[in-house]
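Raw upload-v2.txt, compact mmCIF, C-alpha atoms and all ligand atoms:
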# COMPACT_ATOMS: atom_id res chain seq x y z
CA MET V 1 -2.42 192.07 -6.98
CA THR V 2 -5.33 190.64 -9.00
CA ALA V 3 -6.79 187.25 -8.09
CA THR V 4 -9.55 184.99 -9.39
CA PHE V 5 -12.23 184.25 -6.80
CA PHE V 6 -15.32 182.04 -6.75
CA LYS V 7 -18.55 182.72 -4.93
CA TYR V 8 -20.48 179.75 -3.49
CA GLN V 9 -23.60 179.45 -1.35
CA GLY V 10 -25.06 176.65 0.74
CA THR V 11 -28.69 177.36 1.70
CA GLY V 12 -27.92 181.06 1.49
CA ASN V 13 -24.79 180.99 3.70
CA ASP V 14 -22.40 182.57 1.18
CA PHE V 15 -18.64 182.40 0.81
CA VAL V 16 -15.75 183.77 -1.23
CA LEU V 17 -13.43 180.91 -2.21
CA PHE V 18 -9.86 181.00 -3.46
CA ASP V 19 -7.83 178.13 -4.87
CA ASN V 20 -4.78 178.71 -2.66
CA ARG V 21 -2.78 175.64 -3.68
CA THR V 22 0.06 177.98 -4.72
CA LEU V 23 -0.17 179.74 -1.33
CA PHE V 24 -0.51 183.17 -2.99
CA PHE V 25 -3.09 184.47 -0.52
CA PRO V 26 -1.75 186.70 2.31
CA LYS V 27 -3.31 184.68 5.13
CA GLU V 28 -2.30 187.01 7.98
CA ASN V 29 -3.99 190.01 6.34
CA HIS V 30 -7.25 189.93 8.29
CA GLU V 31 -8.22 193.41 7.07
CA LEU V 32 -8.09 192.09 3.49
CA VAL V 33 -10.38 189.16 4.39
CA ALA V 34 -12.85 191.55 6.07
CA PHE V 35 -12.72 193.82 2.99
CA LEU V 36 -13.38 190.92 0.59
CA CYS V 37 -16.39 189.82 2.71
CA ASN V 38 -17.76 193.35 3.06
CA ARG V 39 -21.09 193.67 1.19
CA GLY V 40 -20.69 197.41 0.58
CA PHE V 41 -17.05 197.73 -0.39
CA GLY V 42 -15.87 194.21 -1.31
CA ILE V 43 -17.32 191.07 -2.89
CA GLY V 44 -19.64 190.36 0.03
CA ALA V 45 -19.97 187.09 1.97
CA ASP V 46 -20.54 185.51 5.38
CA GLY V 47 -17.02 184.06 5.23
CA LEU V 48 -13.94 183.35 3.13
CA ILE V 49 -12.45 179.92 2.41
CA LEU V 50 -9.03 178.95 1.13
CA LEU V 51 -8.57 175.54 -0.49
CA GLU V 52 -4.97 174.38 0.04
CA ASN V 53 -2.88 171.28 -0.55
CA ASP V 54 -2.33 168.82 2.29
CA ASP V 55 0.14 165.92 2.53
CA SER V 56 -2.33 163.44 4.07
CA TYR V 57 -5.74 164.52 2.75
CA ASP V 58 -7.29 165.51 -0.59
CA PHE V 59 -7.11 169.18 0.46
CA ARG V 60 -7.14 171.54 3.44
CA MET V 61 -10.00 173.97 4.20
CA VAL V 62 -9.02 177.27 5.87
CA TYR V 63 -12.01 179.29 7.03
CA TYR V 64 -12.35 182.96 8.00
CA ASN V 65 -15.46 184.67 9.32
CA ALA V 66 -16.66 187.91 7.66
CA ASP V 67 -14.91 189.92 10.40
CA GLY V 68 -11.58 188.73 8.93
CA LYS V 69 -10.58 186.40 11.77
CA GLU V 70 -10.00 182.68 11.33
CA GLY V 71 -13.15 180.91 12.50
CA SER V 72 -13.95 177.51 13.92
CA MET V 73 -15.56 174.89 11.64
CA CYS V 74 -18.13 176.04 9.09
CA GLY V 75 -20.56 173.30 8.02
CA ASN V 76 -22.06 175.09 5.03
CA GLY V 77 -18.60 176.34 4.04
CA GLY V 78 -17.37 172.74 4.30
CA ARG V 79 -20.07 171.63 1.87
CA CYS V 80 -19.15 174.51 -0.49
CA VAL V 81 -15.41 173.76 -0.47
CA VAL V 82 -16.17 170.12 -1.33
CA ALA V 83 -18.21 171.29 -4.35
CA PHE V 84 -15.30 173.62 -5.25
CA ALA V 85 -12.76 170.76 -4.98
CA GLN V 86 -14.91 168.73 -7.39
CA PHE V 87 -15.17 171.75 -9.75
CA LEU V 88 -11.36 172.07 -9.71
CA GLY V 89 -11.00 168.34 -10.53
CA ILE V 90 -9.23 167.55 -7.23
CA ILE V 91 -11.89 165.02 -6.21
CA ASP V 92 -14.57 162.95 -7.87
CA GLU V 93 -17.65 162.03 -5.80
CA LYS V 94 -15.97 161.24 -2.49
CA THR V 95 -13.36 163.02 -0.43
CA ASP V 96 -11.46 163.09 2.83
CA PHE V 97 -10.23 166.56 3.73
CA ILE V 98 -8.87 168.35 6.76
CA ALA V 99 -10.32 171.44 8.46
CA VAL V 100 -9.65 173.35 11.67
CA ASP V 101 -11.65 170.84 13.77
CA GLY V 102 -10.04 167.74 12.23
CA PRO V 103 -10.71 165.36 9.33
CA HIS V 104 -14.01 165.26 7.43
CA SER V 105 -15.32 162.95 4.75
CA ALA V 106 -17.95 163.98 2.22
CA THR V 107 -19.84 162.76 -0.83
CA VAL V 108 -21.22 164.83 -3.72
CA LYS V 109 -24.22 163.88 -5.88
CA GLY V 110 -25.14 166.63 -8.36
CA THR V 111 -25.42 169.77 -6.25
CA THR V 112 -26.06 167.87 -2.99
CA VAL V 113 -23.16 167.50 -0.59
CA SER V 114 -23.25 165.21 2.45
CA LEU V 115 -20.59 166.25 4.96
CA LYS V 116 -19.56 164.12 7.93
CA MET V 117 -19.29 166.24 11.07
CA GLN V 118 -17.33 165.61 14.27
CA ASP V 119 -18.72 163.28 16.95
CA VAL V 120 -20.39 165.07 19.85
CA GLU V 121 -20.26 163.77 23.43
CA GLU V 122 -21.09 166.70 25.62
CA LEU V 123 -24.27 168.79 25.74
CA LYS V 124 -24.37 171.36 28.55
CA THR V 125 -27.61 172.56 30.04
CA LYS V 126 -28.08 176.34 30.26
CA PRO V 127 -31.17 178.24 31.45
CA ASN V 128 -33.80 177.57 28.69
CA ALA V 129 -31.09 176.29 26.35
CA LEU V 130 -28.43 173.72 25.52
CA TYR V 131 -24.82 174.40 24.58
CA LEU V 132 -22.69 172.07 22.44
CA ASN V 133 -19.75 172.11 20.04
CA THR V 134 -20.27 170.64 16.56
CA GLY V 135 -16.95 172.01 15.26
CA SER V 136 -18.14 175.47 16.28
CA PRO V 137 -19.78 176.45 19.59
CA HIS V 138 -23.59 176.64 19.58
CA HIS V 139 -26.32 177.79 21.93
CA VAL V 140 -29.67 176.17 21.05
CA GLN V 141 -32.86 177.73 22.39
CA MET V 142 -36.48 176.87 21.62
CA VAL V 143 -38.81 179.79 20.98
CA THR V 144 -42.38 180.31 19.82
CA ASN V 145 -43.33 182.41 16.80
CA LEU V 146 -39.81 182.17 15.29
CA GLU V 147 -40.85 184.12 12.21
CA LYS V 148 -41.41 187.26 14.27
CA PHE V 149 -38.46 186.69 16.63
CA ASN V 150 -35.76 189.39 16.67
CA VAL V 151 -32.79 187.06 16.06
CA ALA V 152 -30.18 189.81 15.59
CA LYS V 153 -31.09 191.60 18.83
CA GLU V 154 -31.64 188.56 21.08
CA GLY V 155 -28.75 186.62 19.51
CA SER V 156 -26.30 189.47 20.12
CA LYS V 157 -27.52 189.84 23.72
CA ILE V 158 -26.88 186.13 24.45
CA ARG V 159 -23.63 185.92 22.42
CA TYR V 160 -21.98 188.71 24.45
CA GLY V 161 -24.01 188.44 27.69
CA ILE V 162 -23.64 184.72 28.40
CA TYR V 163 -20.59 183.68 26.39
CA GLY V 164 -18.33 186.73 26.84
CA ALA V 165 -15.30 187.48 24.70
CA THR V 166 -15.04 184.00 23.13
CA GLY V 167 -18.73 184.08 22.26
CA SER V 168 -20.93 181.47 20.64
CA ASN V 169 -23.23 181.11 17.69
CA ILE V 170 -26.85 181.41 18.82
CA ASN V 171 -29.64 179.27 17.33
CA PHE V 172 -33.37 179.76 17.82
CA VAL V 173 -35.61 176.82 16.93
CA GLU V 174 -39.28 176.00 16.65
CA GLN V 175 -40.65 172.49 16.02
CA GLU V 176 -42.93 172.32 12.99
CA SER V 177 -43.77 168.61 12.94
CA LYS V 178 -42.49 165.24 14.22
CA ASP V 179 -39.20 165.46 12.32
CA THR V 180 -39.05 169.04 11.02
CA PHE V 181 -37.69 172.16 12.70
CA LYS V 182 -37.44 175.80 11.69
CA VAL V 183 -34.11 177.37 12.64
CA ARG V 184 -32.68 180.90 12.61
CA THR V 185 -29.09 181.58 13.62
CA TYR V 186 -27.09 184.56 14.87
CA GLU V 187 -23.51 183.92 13.75
CA ARG V 188 -20.44 184.84 15.72
CA GLY V 189 -17.88 186.52 13.44
CA VAL V 190 -20.62 187.83 11.17
CA GLU V 191 -22.31 189.37 14.24
CA ASP V 192 -25.72 189.18 12.60
CA GLU V 193 -28.30 186.66 11.51
CA THR V 194 -27.26 184.64 8.45
CA LEU V 195 -29.61 182.73 6.14
CA SER V 196 -28.28 179.38 7.37
CA CYS V 197 -25.57 177.87 9.57
CA GLY V 198 -24.48 174.27 9.01
CA THR V 199 -22.80 173.57 12.34
CA GLY V 200 -25.81 175.38 13.85
CA VAL V 201 -28.51 173.16 12.35
CA THR V 202 -26.36 170.15 13.27
CA ALA V 203 -26.29 171.38 16.88
CA VAL V 204 -30.05 171.97 16.79
CA THR V 205 -30.71 168.42 15.59
CA LEU V 206 -28.58 166.80 18.31
CA ALA V 207 -30.07 169.11 20.96
CA MET V 208 -33.61 168.22 19.86
CA HIS V 209 -32.76 164.52 20.10
CA HIS V 210 -31.24 165.10 23.56
CA LEU V 211 -34.51 166.78 24.64
CA GLY V 212 -36.56 163.82 23.34
CA LYS V 213 -38.16 165.84 20.53
CA ILE V 214 -36.90 163.51 17.77
CA ASN V 215 -37.60 159.77 17.78
CA ASP V 216 -35.77 158.91 14.56
CA ASN V 217 -32.10 159.40 13.73
CA TYR V 218 -32.57 162.44 11.50
CA ALA V 219 -34.20 165.85 11.32
CA ASN V 220 -35.30 168.03 8.44
CA ILE V 221 -34.31 171.62 9.00
CA LYS V 222 -35.89 174.67 7.43
CA ALA V 223 -33.33 177.47 7.56
CA MET V 224 -34.10 180.94 6.21
CA GLY V 225 -32.09 180.18 3.04
CA GLY V 226 -33.31 176.64 2.36
CA ASN V 227 -33.64 173.11 3.61
CA LEU V 228 -31.04 170.83 5.16
CA LYS V 229 -31.14 167.34 6.58
CA VAL V 230 -29.05 166.10 9.50
CA GLU V 231 -28.61 162.36 10.10
CA PHE V 232 -26.86 160.78 13.08
CA ASP V 233 -26.34 157.66 15.19
CA TYR V 234 -26.38 157.70 18.97
CA SER V 235 -24.52 155.12 21.04
CA ASP V 236 -22.49 155.11 24.28
CA ASN V 237 -23.65 158.66 25.06
CA THR V 238 -22.04 159.87 21.83
CA TYR V 239 -23.51 161.26 18.64
CA ASN V 240 -21.56 159.76 15.75
CA ASN V 241 -21.93 159.35 11.98
CA VAL V 242 -23.37 162.86 11.99
CA HIS V 243 -24.03 164.05 8.43
CA LEU V 244 -25.07 167.49 7.23
CA ILE V 245 -26.80 167.17 3.87
CA GLY V 246 -27.92 169.86 1.42
CA GLU V 247 -27.22 171.87 -1.70
CA ALA V 248 -23.98 173.76 -2.33
CA LYS V 249 -23.74 175.84 -5.50
CA GLN V 250 -21.27 177.97 -7.38
CA VAL V 251 -22.86 181.39 -7.93
CA PHE V 252 -20.21 183.26 -9.92
CA LYS V 253 -16.53 183.70 -10.65
CA GLY V 254 -14.68 187.00 -10.80
CA GLU V 255 -11.45 188.91 -10.43
CA ILE V 256 -10.60 191.19 -7.54
CA SER V 257 -7.66 193.54 -7.08
CA TRP V 258 -6.10 194.71 -3.84
N1 LIG O 301 -21.67 179.42 8.95
C1 LIG O 301 -20.97 178.41 9.60
C2 LIG O 301 -20.49 178.64 10.98
C3 LIG O 301 -19.19 179.38 10.92
C4 LIG O 301 -18.42 179.41 12.19
C5 LIG O 301 -18.81 180.47 13.08
N2 LIG O 301 -19.37 181.66 12.61
C6 LIG O 301 -17.76 180.70 14.15
O1 LIG O 301 -16.54 180.80 13.93
O2 LIG O 301 -18.19 180.73 15.27
C7 LIG O 301 -21.60 177.05 9.42
O3 LIG O 301 -22.26 176.85 8.40
O4 LIG O 301 -21.36 176.17 10.25

Would you kindly transcribe this structure into structure tokens?
Ligand SMILES: N[C@@H](CCC[C@H](N)C(=O)O)C(=O)O
Amino acid sequence: MTATFFKYQGTGNDFVLFDNRTLFFPKENHELVAFLCNRGFGIGADGLILLENDDSYDFRMVYYNADGKEGSMCGNGGRCVVAFAQFLGIIDEKTDFIAVDGPHSATVKGTTVSLKMQDVEELKTKPNALYLNTGSPHHVQMVTNLEKFNVAKEGSKIRYGIYGATGSNINFVEQESKDTFKVRTYERGVEDETLSCGTGVTAVTLAMHHLGKINDNYANIKAMGGNLKVEFDYSDNTYNNVHLIGEAKQVFKGEISW
């Protein structure tokens, strides 16, 4: 069959998107998803997102990692699917949608999307690191000289060595100033470093607050593919009103046959 696809990116985390409101996409064909995400043989992306109808929300987001398997929540993908929903005329500037980790609200202003993430209660201490779930599982580790750090090698070692078959996304972070952090992420399901990871920079921000490295209720994050801001409130040992804010852009539209 031949289908129209859209390519979006959020700070360099890139996705193939399909409007699947007619449910045409063969969702159980994981080899097809991996092919579409393949940078040599397919369209090329870190993940694939289906926008579908939902009875209770504006739309449903279904997310697959580049390996073809359905993933946990994708923060940058969430921002991209909100921009896509606006492009399709499903929403205006505000939305409530449903994803694998539950409901999300979001607002769009120009190309900037602010996405509300799940509340976070539990941060686990690991040797030299913290582990938390922001919709996806994340290991957060501070390093020095992040620019020279071998993220792919060290990330893969930790992802398989510490977290076993289920795995985790692995974030390396270096503080640049009072409220600004540089972050590089090894993504599970891509099994490589990506240019940015939304649930990852969210996890980094909450972890940095937990470690007393942030005094205010926000952090500016410099990912490899651009800048993001994470805002949050903290009360009763819970991080709530967590927002991931940054650009999400349509890159191109095309047709693909399989
Ligand atoms: N790129 C994503 C994270 C996607 C989820 C992840 N790779 C997983 O399933 O573990 C983001 O922006 O949050």

Around all of stretch 63-76 of chain V's listed atoms, make the axis-aligned box with 3 Å on each side and tell me centre and edge lengths in Å to one decimal, as lines of an AutoDock Vina configuration file.
center_x = -16.0
center_y = 181.6
center_z = 9.5
size_x = 18.1
size_y = 22.6
size_z = 14.9

Each chain V residue no farther than 10 Å from ligand LIG 301 (chain O), nearest pair in Å, all atoms listed in the file, as JSON lines:
{"residue": "V:Gly10", "atom": "CA", "partner": "O:LIG301", "partner_atom": "O3", "distance": 8.2}
{"residue": "V:Thr11", "atom": "CA", "partner": "O:LIG301", "partner_atom": "O3", "distance": 9.3}
{"residue": "V:Gly12", "atom": "CA", "partner": "O:LIG301", "partner_atom": "N1", "distance": 9.9}
{"residue": "V:Asn13", "atom": "CA", "partner": "O:LIG301", "partner_atom": "N1", "distance": 6.3}
{"residue": "V:Asp14", "atom": "CA", "partner": "O:LIG301", "partner_atom": "N1", "distance": 8.4}
{"residue": "V:Phe15", "atom": "CA", "partner": "O:LIG301", "partner_atom": "N1", "distance": 9.2}
{"residue": "V:Asp46", "atom": "CA", "partner": "O:LIG301", "partner_atom": "N1", "distance": 7.1}
{"residue": "V:Gly47", "atom": "CA", "partner": "O:LIG301", "partner_atom": "N1", "distance": 7.5}
{"residue": "V:Tyr63", "atom": "CA", "partner": "O:LIG301", "partner_atom": "C3", "distance": 8.2}
{"residue": "V:Tyr64", "atom": "CA", "partner": "O:LIG301", "partner_atom": "O1", "distance": 7.6}
{"residue": "V:Asn65", "atom": "CA", "partner": "O:LIG301", "partner_atom": "N2", "distance": 5.9}
{"residue": "V:Ala66", "atom": "CA", "partner": "O:LIG301", "partner_atom": "N2", "distance": 8.4}
{"residue": "V:Asp67", "atom": "CA", "partner": "O:LIG301", "partner_atom": "N2", "distance": 9.6}
{"residue": "V:Lys69", "atom": "CA", "partner": "O:LIG301", "partner_atom": "O1", "distance": 8.5}
{"residue": "V:Glu70", "atom": "CA", "partner": "O:LIG301", "partner_atom": "O1", "distance": 7.3}
{"residue": "V:Gly71", "atom": "CA", "partner": "O:LIG301", "partner_atom": "O1", "distance": 3.7}
{"residue": "V:Ser72", "atom": "CA", "partner": "O:LIG301", "partner_atom": "O1", "distance": 4.2}
{"residue": "V:Met73", "atom": "CA", "partner": "O:LIG301", "partner_atom": "C4", "distance": 5.4}
{"residue": "V:Cys74", "atom": "CA", "partner": "O:LIG301", "partner_atom": "O4", "distance": 3.4}
{"residue": "V:Gly75", "atom": "CA", "partner": "O:LIG301", "partner_atom": "O4", "distance": 3.7}
{"residue": "V:Asn76", "atom": "CA", "partner": "O:LIG301", "partner_atom": "O3", "distance": 3.8}
{"residue": "V:Gly77", "atom": "CA", "partner": "O:LIG301", "partner_atom": "O3", "distance": 5.7}
{"residue": "V:Gly78", "atom": "CA", "partner": "O:LIG301", "partner_atom": "O3", "distance": 7.6}
{"residue": "V:Arg79", "atom": "CA", "partner": "O:LIG301", "partner_atom": "O3", "distance": 8.6}
{"residue": "V:Cys80", "atom": "CA", "partner": "O:LIG301", "partner_atom": "O3", "distance": 9.7}
{"residue": "V:Asn133", "atom": "CA", "partner": "O:LIG301", "partner_atom": "O2", "distance": 10.0}
{"residue": "V:Thr134", "atom": "CA", "partner": "O:LIG301", "partner_atom": "O4", "distance": 8.5}
{"residue": "V:Gly135", "atom": "CA", "partner": "O:LIG301", "partner_atom": "O4", "distance": 7.9}
{"residue": "V:Ser136", "atom": "CA", "partner": "O:LIG301", "partner_atom": "O2", "distance": 5.4}
{"residue": "V:Pro137", "atom": "CA", "partner": "O:LIG301", "partner_atom": "O2", "distance": 6.3}
{"residue": "V:His138", "atom": "CA", "partner": "O:LIG301", "partner_atom": "O2", "distance": 8.0}
{"residue": "V:Thr166", "atom": "CA", "partner": "O:LIG301", "partner_atom": "O2", "distance": 9.1}
{"residue": "V:Gly167", "atom": "CA", "partner": "O:LIG301", "partner_atom": "O2", "distance": 7.8}
{"residue": "V:Ser168", "atom": "CA", "partner": "O:LIG301", "partner_atom": "O2", "distance": 6.1}
{"residue": "V:Asn169", "atom": "CA", "partner": "O:LIG301", "partner_atom": "O2", "distance": 5.6}
{"residue": "V:Ile170", "atom": "CA", "partner": "O:LIG301", "partner_atom": "O2", "distance": 9.4}
{"residue": "V:Thr185", "atom": "CA", "partner": "O:LIG301", "partner_atom": "N1", "distance": 9.0}
{"residue": "V:Tyr186", "atom": "CA", "partner": "O:LIG301", "partner_atom": "N2", "distance": 8.6}
{"residue": "V:Glu187", "atom": "CA", "partner": "O:LIG301", "partner_atom": "N2", "distance": 4.9}
{"residue": "V:Arg188", "atom": "CA", "partner": "O:LIG301", "partner_atom": "N2", "distance": 4.6}
{"residue": "V:Gly189", "atom": "CA", "partner": "O:LIG301", "partner_atom": "N2", "distance": 5.2}
{"residue": "V:Val190", "atom": "CA", "partner": "O:LIG301", "partner_atom": "N2", "distance": 6.5}
{"residue": "V:Glu191", "atom": "CA", "partner": "O:LIG301", "partner_atom": "N2", "distance": 8.4}
{"residue": "V:Asp192", "atom": "CA", "partner": "O:LIG301", "partner_atom": "N2", "distance": 9.8}
{"residue": "V:Thr194", "atom": "CA", "partner": "O:LIG301", "partner_atom": "N1", "distance": 7.7}
{"residue": "V:Leu195", "atom": "CA", "partner": "O:LIG301", "partner_atom": "N1", "distance": 9.0}
{"residue": "V:Ser196", "atom": "CA", "partner": "O:LIG301", "partner_atom": "O3", "distance": 6.6}
{"residue": "V:Cys197", "atom": "CA", "partner": "O:LIG301", "partner_atom": "O3", "distance": 3.7}
{"residue": "V:Gly198", "atom": "CA", "partner": "O:LIG301", "partner_atom": "O3", "distance": 3.5}
{"residue": "V:Thr199", "atom": "CA", "partner": "O:LIG301", "partner_atom": "O4", "distance": 3.6}
{"residue": "V:Gly200", "atom": "CA", "partner": "O:LIG301", "partner_atom": "O4", "distance": 5.8}
{"residue": "V:Val201", "atom": "CA", "partner": "O:LIG301", "partner_atom": "O4", "distance": 8.0}
{"residue": "V:Thr202", "atom": "CA", "partner": "O:LIG301", "partner_atom": "O4", "distance": 8.4}
{"residue": "V:Ala203", "atom": "CA", "partner": "O:LIG301", "partner_atom": "O4", "distance": 9.6}
{"residue": "V:Leu244", "atom": "CA", "partner": "O:LIG301", "partner_atom": "O3", "distance": 9.8}

* Looking at only C-alpha atoms, which of V:Tyr160, V:Phe25, V:Tyr131, V:Phe172 is the one that sits closest to V:Asn145? ->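 Of V:Tyr160, V:Phe25, V:Tyr131, V:Phe172, the one nearest V:Asn145, counting only C-alpha atoms, is V:Phe172.
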
* Nearest residue to V:Phe232 from the set V:Glu247, V:Asp119, V:Glu154, V:Asp54 (distances using only C-alpha atoms) ->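 Of the candidates, the smallest distance to V:Phe232 is held by V:Asp119.
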
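Shortest atom-to-atom contact with V:Gly110 among V:Lys27, V:Lys249, V:Trp258, V:Met1: V:Lys249, counting all atoms listed in the file.
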
* Polymer residues at most 7 Å from stretch 177-180 of chain V, all atoms listed in the file, same-chain spacing of 5 or more positions, as a ChimeraX atom specification -> /V:214,219-221

* To do: Can you work out which one of V:Thr22, V:Thr95, V:Thr205, V:Asn217 has the shortest atom-to-atom distance to V:Tyr57, counting all atoms listed in the file?
  => V:Thr95

* Selection: 6 Å around V:Ala152, all atoms listed in the file, excl. self and same-chain fewer than 3 positions, as a ChimeraX atom specification -> /V:155-156,192-193

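Here atom CA of V:Val143 and atom CA of V:Val113 stand 29.3 Å from one another.
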
* Asked: Which residue out of V:Ala45, V:Leu115, V:Val173, V:Ala165 has the minimum interatomic distance to V:His139 when only C-alpha atoms are used?
  ->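 When distances to V:His139 are compared using only C-alpha atoms, the smallest one comes from V:Val173.
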
* To do: Find, counting only C-alpha atoms, the residue in V:Ile162, V:Val81, V:Ala129, V:Leu206 that gets nearest to V:Phe97.
  => V:Val81

Can you list, as a JSON list (two decimals) with C-alpha atoms, in the coordinates of the input, every protein, DNA or RNA residue that comes within 10 Å of V:Phe5 when you count all atoms listed in the file, leaving out same-chain residues fewer than 6 positions away?
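Written output follows (part-v8.json):
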[["chain", "number", "residue", "atom", "x", "y", "z"],
["V", 16, "VAL", "CA", -15.75, 183.77, -1.23],
["V", 17, "LEU", "CA", -13.43, 180.91, -2.21],
["V", 18, "PHE", "CA", -9.86, 181.00, -3.46],
["V", 19, "ASP", "CA", -7.83, 178.13, -4.87],
["V", 43, "ILE", "CA", -17.32, 191.07, -2.89],
["V", 252, "PHE", "CA", -20.21, 183.26, -9.92],
["V", 253, "LYS", "CA", -16.53, 183.70, -10.65],
["V", 254, "GLY", "CA", -14.68, 187.00, -10.80],
["V", 255, "GLU", "CA", -11.45, 188.91, -10.43],
["V", 256, "ILE", "CA", -10.60, 191.19, -7.54]]

* atom CA of V:Asp101 to atom CA of V:Gly68, straight-line distance in Å ->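 Going from atom CA of V:Gly68 over to atom CA of V:Asp101, I get 18.5 Å.
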
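Take atom CA of V:Ala106 and atom CA of V:Lys213: the distance between them is 27.3 Å.
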
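Residues in contact with V:Ser235 at 12 Å, where all atoms listed in the file are counted and same-chain residues fewer than 3 positions away are skipped, are listed as Asp119, Val120, Glu121, Asn217, Phe232, Thr238, Tyr239, Asn240, Asn241 and Val242 of chain V.
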
Distance cut-off 9 Å, centre (-8.2, 170.6, 10.4) in file coordinates, counting all atoms listed in the file: which residues qualify? Return them as a CSV table (one decimal) with C-alpha atoms, in the coordinates of the input.
chain,number,residue,atom,x,y,z
V,60,ARG,CA,-7.1,171.5,3.4
V,61,MET,CA,-10.0,174.0,4.2
V,62,VAL,CA,-9.0,177.3,5.9
V,73,MET,CA,-15.6,174.9,11.6
V,97,PHE,CA,-10.2,166.6,3.7
V,98,ILE,CA,-8.9,168.4,6.8
V,99,ALA,CA,-10.3,171.4,8.5
V,100,VAL,CA,-9.6,173.4,11.7
V,101,ASP,CA,-11.6,170.8,13.8
V,102,GLY,CA,-10.0,167.7,12.2
V,103,PRO,CA,-10.7,165.4,9.3
V,104,HIS,CA,-14.0,165.3,7.4

* Within 10 Å of V:Gly42, counting all atoms listed in the file, which residues qualify if same-chain residues fewer than 4 places away don't, as JSON, numbers by chain? -> {"V": [32, 33, 34, 35, 36, 37, 38, 256]}

Mind completing stretch 98-114 of chain V with N, CA and C atoms? Output as a tab-separated table (two decimals), in the coordinates of the input, please?
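The new file result-v1.tsv reads:
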chain	number	residue	atom	x	y	z
V	98	ILE	N	-9.18	167.93	5.39
V	98	ILE	CA	-8.87	168.35	6.76
V	98	ILE	C	-9.31	169.80	6.95
V	99	ALA	N	-9.90	170.07	8.11
V	99	ALA	CA	-10.32	171.44	8.46
V	99	ALA	C	-9.83	171.75	9.87
V	100	VAL	N	-10.18	172.90	10.38
V	100	VAL	CA	-9.65	173.35	11.67
V	100	VAL	C	-10.04	172.41	12.82
V	101	ASP	N	-11.19	171.74	12.69
V	101	ASP	CA	-11.65	170.84	13.77
V	101	ASP	C	-11.26	169.39	13.53
V	102	GLY	N	-10.47	169.12	12.49
V	102	GLY	CA	-10.04	167.74	12.23
V	102	GLY	C	-10.51	167.24	10.88
V	103	PRO	N	-10.36	165.91	10.64
V	103	PRO	CA	-10.71	165.36	9.33
V	103	PRO	C	-12.23	165.28	9.10
V	104	HIS	N	-12.61	165.42	7.85
V	104	HIS	CA	-14.01	165.26	7.43
V	104	HIS	C	-14.04	164.41	6.17
V	105	SER	N	-15.08	163.59	6.03
V	105	SER	CA	-15.32	162.95	4.75
V	105	SER	C	-16.60	163.54	4.17
V	106	ALA	N	-16.75	163.42	2.86
V	106	ALA	CA	-17.95	163.98	2.22
V	106	ALA	C	-18.21	163.25	0.92
V	107	THR	N	-19.47	163.28	0.49
V	107	THR	CA	-19.84	162.76	-0.83
V	107	THR	C	-20.64	163.84	-1.57
V	108	VAL	N	-20.49	163.85	-2.89
V	108	VAL	CA	-21.22	164.83	-3.72
V	108	VAL	C	-22.06	164.07	-4.73
V	109	LYS	N	-23.36	164.45	-4.82
V	109	LYS	CA	-24.22	163.88	-5.88
V	109	LYS	C	-24.94	165.05	-6.52
V	110	GLY	N	-24.56	165.42	-7.74
V	110	GLY	CA	-25.14	166.63	-8.36
V	110	GLY	C	-24.74	167.82	-7.53
V	111	THR	N	-25.74	168.59	-7.07
V	111	THR	CA	-25.42	169.77	-6.25
V	111	THR	C	-25.59	169.48	-4.75
V	112	THR	N	-25.86	168.20	-4.41
V	112	THR	CA	-26.06	167.87	-2.99
V	112	THR	C	-24.77	167.32	-2.38
V	113	VAL	N	-24.38	167.94	-1.29
V	113	VAL	CA	-23.16	167.50	-0.59
V	113	VAL	C	-23.54	167.00	0.81
V	114	SER	N	-23.07	165.79	1.11
V	114	SER	CA	-23.25	165.21	2.45
V	114	SER	C	-21.91	165.26	3.15
